[in-house]
$ cat input36.cif   # mmCIF, C-alpha atoms and all ligand atoms
data_input
loop_
_atom_site.label_atom_id
_atom_site.label_comp_id
_atom_site.auth_asym_id
_atom_site.auth_seq_id
_atom_site.Cartn_x
_atom_site.Cartn_y
_atom_site.Cartn_z
CA MET A 29 2.55 0.24 -24.77
CA ALA A 30 1.33 -3.34 -25.04
CA VAL A 31 -1.20 -4.44 -22.44
CA LEU A 32 1.07 -7.06 -20.85
CA GLU A 33 3.90 -4.53 -20.67
CA THR A 34 1.60 -2.00 -18.98
CA ILE A 35 0.50 -4.59 -16.43
CA VAL A 36 4.09 -5.62 -15.63
CA VAL A 37 5.25 -1.99 -15.31
CA ALA A 38 2.26 -1.12 -13.11
CA PHE A 39 2.86 -4.09 -10.83
CA TRP A 40 6.62 -3.44 -10.68
CA ALA A 41 6.11 0.24 -9.86
CA MET A 42 3.58 -0.59 -7.15
CA VAL A 43 5.49 -3.34 -5.32
CA PRO A 44 6.97 -0.83 -2.82
CA ALA A 45 3.40 0.31 -2.06
CA TYR A 46 1.77 -3.14 -2.08
CA VAL A 47 4.06 -4.96 0.32
CA PRO A 48 4.24 -2.55 3.33
CA ASN A 49 0.68 -3.25 4.50
CA ASN A 50 1.30 -6.98 4.37
CA ALA A 51 4.64 -6.60 6.16
CA ALA A 52 2.85 -4.56 8.84
CA VAL A 53 0.46 -7.45 9.42
CA LEU A 54 3.45 -9.70 10.19
CA ALA A 55 5.21 -7.08 12.31
CA GLY A 56 2.23 -5.56 14.11
CA GLY A 57 1.94 -5.31 17.83
CA GLY A 58 3.34 -2.95 20.41
CA ARG A 59 2.32 0.61 21.02
CA PRO A 60 -0.59 1.97 18.98
CA ILE A 61 0.17 5.22 17.14
CA ASP A 62 -2.79 6.97 18.75
CA GLY A 63 -1.55 6.00 22.22
CA GLY A 64 -5.10 4.96 23.12
CA ARG A 65 -6.49 8.47 22.52
CA THR A 66 -10.12 8.90 21.52
CA LEU A 67 -12.22 11.41 19.60
CA ASN A 68 -15.95 11.54 20.35
CA SER A 69 -15.46 8.41 22.49
CA LYS A 70 -14.09 6.42 19.53
CA ARG A 71 -10.40 5.58 19.16
CA LEU A 72 -8.47 8.02 16.97
CA LEU A 73 -6.97 5.15 14.92
CA GLY A 74 -7.25 2.00 17.01
CA ASP A 75 -4.93 -0.78 18.14
CA GLY A 76 -4.47 -2.01 14.54
CA LYS A 77 -2.13 0.90 13.66
CA THR A 78 1.14 0.53 15.57
CA TRP A 79 4.50 2.28 15.42
CA ARG A 80 6.27 -1.01 14.81
CA GLY A 81 3.95 -2.13 12.03
CA THR A 82 4.28 1.25 10.33
CA ALA A 83 8.07 1.41 10.66
CA VAL A 84 8.63 -2.17 9.51
CA GLY A 85 6.15 -1.81 6.64
CA THR A 86 7.78 1.39 5.37
CA THR A 87 11.28 -0.10 5.70
CA VAL A 88 10.32 -3.24 3.80
CA GLY A 89 8.87 -1.08 1.01
CA LEU A 90 12.10 0.97 0.81
CA ILE A 91 14.25 -2.18 0.70
CA LEU A 92 12.11 -3.66 -2.07
CA ALA A 93 12.41 -0.46 -4.11
CA ALA A 94 16.20 -0.67 -3.74
CA VAL A 95 16.27 -4.34 -4.77
CA LEU A 96 14.03 -3.69 -7.80
CA THR A 97 16.27 -0.78 -8.79
CA LEU A 98 19.33 -3.04 -8.64
CA ILE A 99 17.75 -5.72 -10.84
CA ALA A 100 15.85 -3.36 -13.19
CA SER A 101 18.33 -3.44 -16.06
CA ASP A 102 18.64 -7.24 -16.04
CA ALA A 103 14.87 -7.54 -15.79
CA SER A 104 14.37 -5.07 -18.63
CA GLU A 105 16.73 -7.08 -20.82
CA ALA A 106 15.01 -10.35 -19.99
CA LEU A 107 11.52 -8.90 -20.55
CA GLY A 108 12.35 -6.96 -23.71
CA PHE A 109 10.94 -3.70 -22.33
CA GLU A 110 11.95 -1.21 -19.68
CA VAL A 111 10.85 -1.64 -16.07
CA PRO A 112 11.39 1.41 -13.84
CA THR A 113 14.10 2.07 -11.29
CA PHE A 114 13.12 4.02 -8.15
CA THR A 115 14.54 7.26 -6.81
CA ALA A 116 14.83 7.47 -3.02
CA LEU A 117 11.98 10.00 -2.90
CA ALA A 118 9.76 7.86 -5.12
CA ALA A 119 10.40 4.85 -2.87
CA LEU A 120 9.56 6.91 0.22
CA GLY A 121 6.38 8.23 -1.40
CA LEU A 122 5.19 4.76 -2.39
CA ALA A 123 6.04 2.94 0.84
CA GLY A 124 5.34 5.76 3.29
CA GLY A 125 2.28 6.91 1.36
CA ALA A 126 0.83 3.41 1.41
CA MET A 127 1.18 3.19 5.18
CA LEU A 128 -0.25 6.70 5.56
CA GLY A 129 -3.24 5.77 3.37
CA ASP A 130 -3.95 2.76 5.55
CA ILE A 131 -3.71 4.93 8.68
CA LEU A 132 -6.04 7.58 7.24
CA ALA A 133 -8.49 4.82 6.31
CA SER A 134 -8.51 3.64 9.95
CA PHE A 135 -9.15 7.22 11.04
CA LEU A 136 -12.16 7.28 8.67
CA LYS A 137 -13.32 3.87 9.87
CA ARG A 138 -13.31 5.00 13.50
CA ARG A 139 -15.15 8.23 12.63
CA THR A 140 -17.84 6.23 10.83
CA GLY A 141 -18.33 3.95 13.85
CA ARG A 142 -16.45 0.92 12.46
CA ASP A 143 -14.53 -1.04 15.06
CA ARG A 144 -11.02 -2.34 14.54
CA GLY A 145 -11.04 -5.00 11.85
CA ALA A 146 -14.42 -3.97 10.45
CA MET A 147 -14.78 -4.16 6.71
CA PHE A 148 -14.91 -0.93 4.70
CA PRO A 149 -15.27 -1.97 1.05
CA ILE A 150 -13.38 0.05 -1.60
CA VAL A 151 -11.61 2.09 1.12
CA ASP A 152 -9.89 -1.10 2.36
CA GLN A 153 -8.82 -1.99 -1.16
CA LEU A 154 -7.75 1.38 -2.50
CA ASP A 155 -6.77 3.53 0.51
CA PHE A 156 -3.05 3.08 -0.04
CA VAL A 157 -3.22 3.80 -3.80
CA VAL A 158 -5.25 6.97 -3.31
CA VAL A 159 -2.65 8.30 -0.88
CA SER A 160 0.64 6.81 -2.10
CA LEU A 161 0.33 8.04 -5.71
CA PRO A 162 -0.30 11.72 -4.85
CA VAL A 163 2.40 11.63 -2.14
CA THR A 164 4.86 10.14 -4.64
CA ALA A 165 3.90 12.78 -7.23
CA LEU A 166 4.50 15.50 -4.63
CA LEU A 167 7.90 14.11 -3.62
CA ASP A 168 9.23 13.37 -7.12
CA ILE A 169 7.00 14.67 -9.91
CA ASP A 170 9.53 13.88 -12.68
CA TRP A 171 9.78 10.23 -11.63
CA PHE A 172 6.03 9.98 -11.18
CA LEU A 173 5.20 11.36 -14.62
CA SER A 174 7.81 9.15 -16.29
CA VAL A 175 6.29 5.96 -14.82
CA PHE A 176 2.61 6.60 -14.08
CA THR A 177 1.07 7.18 -17.47
CA TRP A 178 -2.73 7.11 -17.62
CA GLU A 179 -2.61 3.50 -18.82
CA VAL A 180 -0.45 2.47 -15.84
CA ILE A 181 -2.75 4.29 -13.40
CA LEU A 182 -5.78 2.58 -14.94
CA VAL A 183 -4.14 -0.84 -14.57
CA VAL A 184 -3.21 -0.04 -10.94
CA VAL A 185 -6.79 0.94 -10.11
CA VAL A 186 -8.10 -2.29 -11.66
CA ILE A 187 -5.53 -4.82 -10.40
CA THR A 188 -5.03 -3.40 -6.90
CA PRO A 189 -8.43 -4.45 -5.48
CA LEU A 190 -7.99 -7.92 -7.00
CA LEU A 191 -4.50 -8.33 -5.52
CA HIS A 192 -5.65 -6.92 -2.20
CA VAL A 193 -8.53 -9.38 -1.91
CA LEU A 194 -6.28 -12.26 -2.96
CA THR A 195 -3.41 -11.51 -0.55
CA ASN A 196 -5.77 -10.87 2.38
CA VAL A 197 -7.66 -14.11 1.82
CA ILE A 198 -4.32 -15.95 1.70
CA ALA A 199 -3.11 -14.21 4.90
CA TYR A 200 -6.42 -15.09 6.58
CA ARG A 201 -6.23 -18.74 5.52
CA LEU A 202 -2.65 -18.91 6.81
CA GLY A 203 -3.89 -17.59 10.15
CA LEU A 204 -1.85 -14.38 9.85
CA LYS A 205 -4.85 -12.09 9.76
CA ASP A 206 -8.07 -12.08 11.80
CA GLU A 207 -10.34 -11.17 8.89
CA PRO A 208 -10.12 -11.96 5.17
CA TRP A 209 -10.13 -8.20 4.21
N1 LIG B 301 -0.62 -3.19 11.48
C1 LIG B 301 0.20 -2.39 12.28
N2 LIG B 301 0.47 -1.10 11.92
C2 LIG B 301 -0.04 -0.58 10.79
C3 LIG B 301 -0.87 -1.36 9.96
C4 LIG B 301 -1.15 -2.68 10.35
O1 LIG B 301 0.69 -2.85 13.32
N3 LIG B 301 0.27 0.70 10.45
C5 LIG B 301 -0.88 -4.58 11.90
C6 LIG B 301 -1.85 -4.67 13.09
O2 LIG B 301 -1.46 -5.77 13.87
C7 LIG B 301 -3.18 -4.90 12.40
C8 LIG B 301 -2.80 -5.81 11.24
O3 LIG B 301 -1.51 -5.32 10.84
O4 LIG B 301 -4.13 -5.48 13.24
C9 LIG B 301 -3.79 -5.79 10.09
O5 LIG B 301 -3.83 -4.53 9.48
P1 LIG B 301 -5.20 -3.84 9.13
O6 LIG B 301 -6.14 -4.80 8.51
O7 LIG B 301 -4.87 -2.60 8.38
O8 LIG B 301 -5.72 -3.38 10.59
P2 LIG B 301 -7.02 -3.78 11.43
O9 LIG B 301 -6.57 -4.50 12.65
O10 LIG B 301 -8.02 -4.42 10.55
O11 LIG B 301 -7.56 -2.37 11.92
P3 LIG B 301 -8.38 -1.27 11.11
O12 LIG B 301 -9.83 -1.58 11.31
O13 LIG B 301 -7.99 -0.01 11.77
O14 LIG B 301 -7.94 -1.32 9.69
MG MG B 302 -8.21 -4.98 8.65
K K B 303 -6.40 -1.76 6.08
#
$ encode --input "input36.cif" --output "structure tokens"
Amino acid sequence: MAVLETIVVAFWAMVPAYVPNNAAVLAGGGRPIDGGRTLNSKRLLGDGKTWRGTAVGTTVGLILAAVLTLIASDASEALGFEVPTFTALAALGLAGGAMLGDILASFLKRRTGRDRGAMFPIVDQLDFVVVSLPVTALLDIDWFLSVFTWEVILVVVVITPLLHVLTNVIAYRLGLKDEPW
């Protein structure tokens, strides 16, 4: 696979995992998932993880997977190589897994004494990849193995932190986010 092709396939395959966290930022608010509960006098997850943000984020990821699936054959023709379609389970694994990864990261942040919004380098940038890929593999191993070759996984691990930093700085500059991470 050519390098450019690998990058495009990796990005395409990860869109349903990339966008949910950003959609959650726009949709956040309302009841926190942990309901205010604490563990060792620290919040379980914190006010930054809400039911609405999680539901909207996951839904947006599922819709994007459906849209990409609809346009995949036209896109493949235009690009001259195949971009993947998504099965329902793959879409759920990517979008839901990404939200779950972000939630687990907040759990870790609170356990390590970091307040809501505190920076946690590497975890902040890769939490959703580390969780969404295994969850997707569990839900639809055939789809996962057909798309996530070692080259694609390598590209994802390299471009994800860059994209994450870029989108968060943009969201911060636009006043959508309180911190640029
Ligand atoms: N958000 C949400 N539900 C989620 C994830 C995010 O409502 N499952 C919203 C919240 O309004 C949150 C914002 O998106 O404040 C930014 O997300 P994030 O940076 O992940 O949360 P933080 O507020 O920084 O909290 P934490 O330290 O727990 O990551
Ligand atoms: Mg944050
Ligand atoms: K986060």
$ residues_near_ligand --input "input36.cif" --ligand "ligand K 303 (chain B)" --cutoff "10 Å" --atoms "all atoms listed in the file" --output "list in words"
Asn49, Asn50, Val53, Gly76, Lys77, Met127, Gly129, Asp130, Ile131, Leu132, Ala133, Ser134, Lys137, Arg144, Gly145, Ala146, Met147, Phe148, Val151, Asp152, Gln153, Leu154, Asp155, Phe156, His192, Asn196 and Trp209 of chain A
$ write_last_selection --input "input36.cif" --atoms "C-alpha atoms" --output "short mmCIF file (atom, residue, chain, number, x, y, z; two decimals), keeping the file's coordinate frame"
data_model
loop_
_atom_site.label_atom_id
_atom_site.label_comp_id
_atom_site.auth_asym_id
_atom_site.auth_seq_id
_atom_site.Cartn_x
_atom_site.Cartn_y
_atom_site.Cartn_z
CA ASN A 49 0.68 -3.25 4.50
CA ASN A 50 1.30 -6.98 4.37
CA VAL A 53 0.46 -7.45 9.42
CA GLY A 76 -4.47 -2.01 14.54
CA LYS A 77 -2.13 0.90 13.66
CA MET A 127 1.18 3.19 5.18
CA GLY A 129 -3.24 5.77 3.37
CA ASP A 130 -3.95 2.76 5.55
CA ILE A 131 -3.71 4.93 8.68
CA LEU A 132 -6.04 7.58 7.24
CA ALA A 133 -8.49 4.82 6.31
CA SER A 134 -8.51 3.64 9.95
CA LYS A 137 -13.32 3.87 9.87
CA ARG A 144 -11.02 -2.34 14.54
CA GLY A 145 -11.04 -5.00 11.85
CA ALA A 146 -14.42 -3.97 10.45
CA MET A 147 -14.78 -4.16 6.71
CA PHE A 148 -14.91 -0.93 4.70
CA VAL A 151 -11.61 2.09 1.12
CA ASP A 152 -9.89 -1.10 2.36
CA GLN A 153 -8.82 -1.99 -1.16
CA LEU A 154 -7.75 1.38 -2.50
CA ASP A 155 -6.77 3.53 0.51
CA PHE A 156 -3.05 3.08 -0.04
CA HIS A 192 -5.65 -6.92 -2.20
CA ASN A 196 -5.77 -10.87 2.38
CA TRP A 209 -10.13 -8.20 4.21
#
$ closest_residue --input "input36.cif" --among "A:Val95, A:Val111, A:Leu73, A:Ala100" --to "Glu33 of chain A" --atoms "all atoms listed in the file"
A:Val111
$ closest_residue --input "input36.cif" --among "A:Thr34, A:Thr113, A:Thr164, A:Thr82" --to "ligand LIG 301 (chain B)" --atoms "only C-alpha atoms and all ligand atoms"
A:Thr82
$ closest_residue --input "input36.cif" --among "A:Ala118, A:Val43, A:Gly141, A:Gly89" --to "Asn68 of chain A" --atoms "all atoms listed in the file"
A:Gly141
$ residues_around --input "input36.cif" --residues "Ala93 of chain A" --least-positions-apart "3" --cutoff "10 Å" --atoms "only C-alpha atoms" --output "PyMOL selection string"
chain A and resi 40-45+87-90+96-98+112-116+118-120+122-123
$ residues_around --input "input36.cif" --residues "Thr78 of chain A" --least-positions-apart "6" --cutoff "8 Å" --atoms "all atoms listed in the file" --output "list in words"
Gly56, Gly57, Gly58, Arg59, Pro60 and Ile61 of chain A
$ atom_distance --input "input36.cif" --atom1 "atom CA of Thr140 of chain A" --atom2 "atom CA of Val197 of chain A"
24.5 Å
$ closest_residue --input "input36.cif" --among "A:Asp62, A:Asp75, A:Glu110, A:Asp168" --to "ligand LIG 301 (chain B)" --atoms "only C-alpha atoms and all ligand atoms"
A:Asp75
$ atom_distance --input "input36.cif" --atom1 "atom CA of Val159 of chain A" --atom2 "atom C3 of ligand LIG 301 (chain B)"
14.6 Å
$ closest_residue --input "input36.cif" --among "A:Glu105, A:Glu179, A:Asp206, A:Asp143" --to "Gly74 of chain A" --atoms "all atoms listed in the file"
A:Asp143
$ axis_aligned_box --input "input36.cif" --around "ligand LIG 301 (chain B)" --padding-each-side "4 Å" --output "JSON"
{"center_x": -4.6, "center_y": -2.6, "center_z": 11.1, "size_x": 18.5, "size_y": 14.5, "size_z": 13.5}
$ atom_distance --input "input36.cif" --atom1 "atom CA of Gly203 of chain A" --atom2 "atom O7 of ligand LIG 301 (chain B)"
15.1 Å
$ closest_residue --input "input36.cif" --among "A:Gly81, A:Gly64, A:Gly121, A:Pro48" --to "ligand LIG 301 (chain B)" --atoms "all atoms listed in the file"
A:Gly81
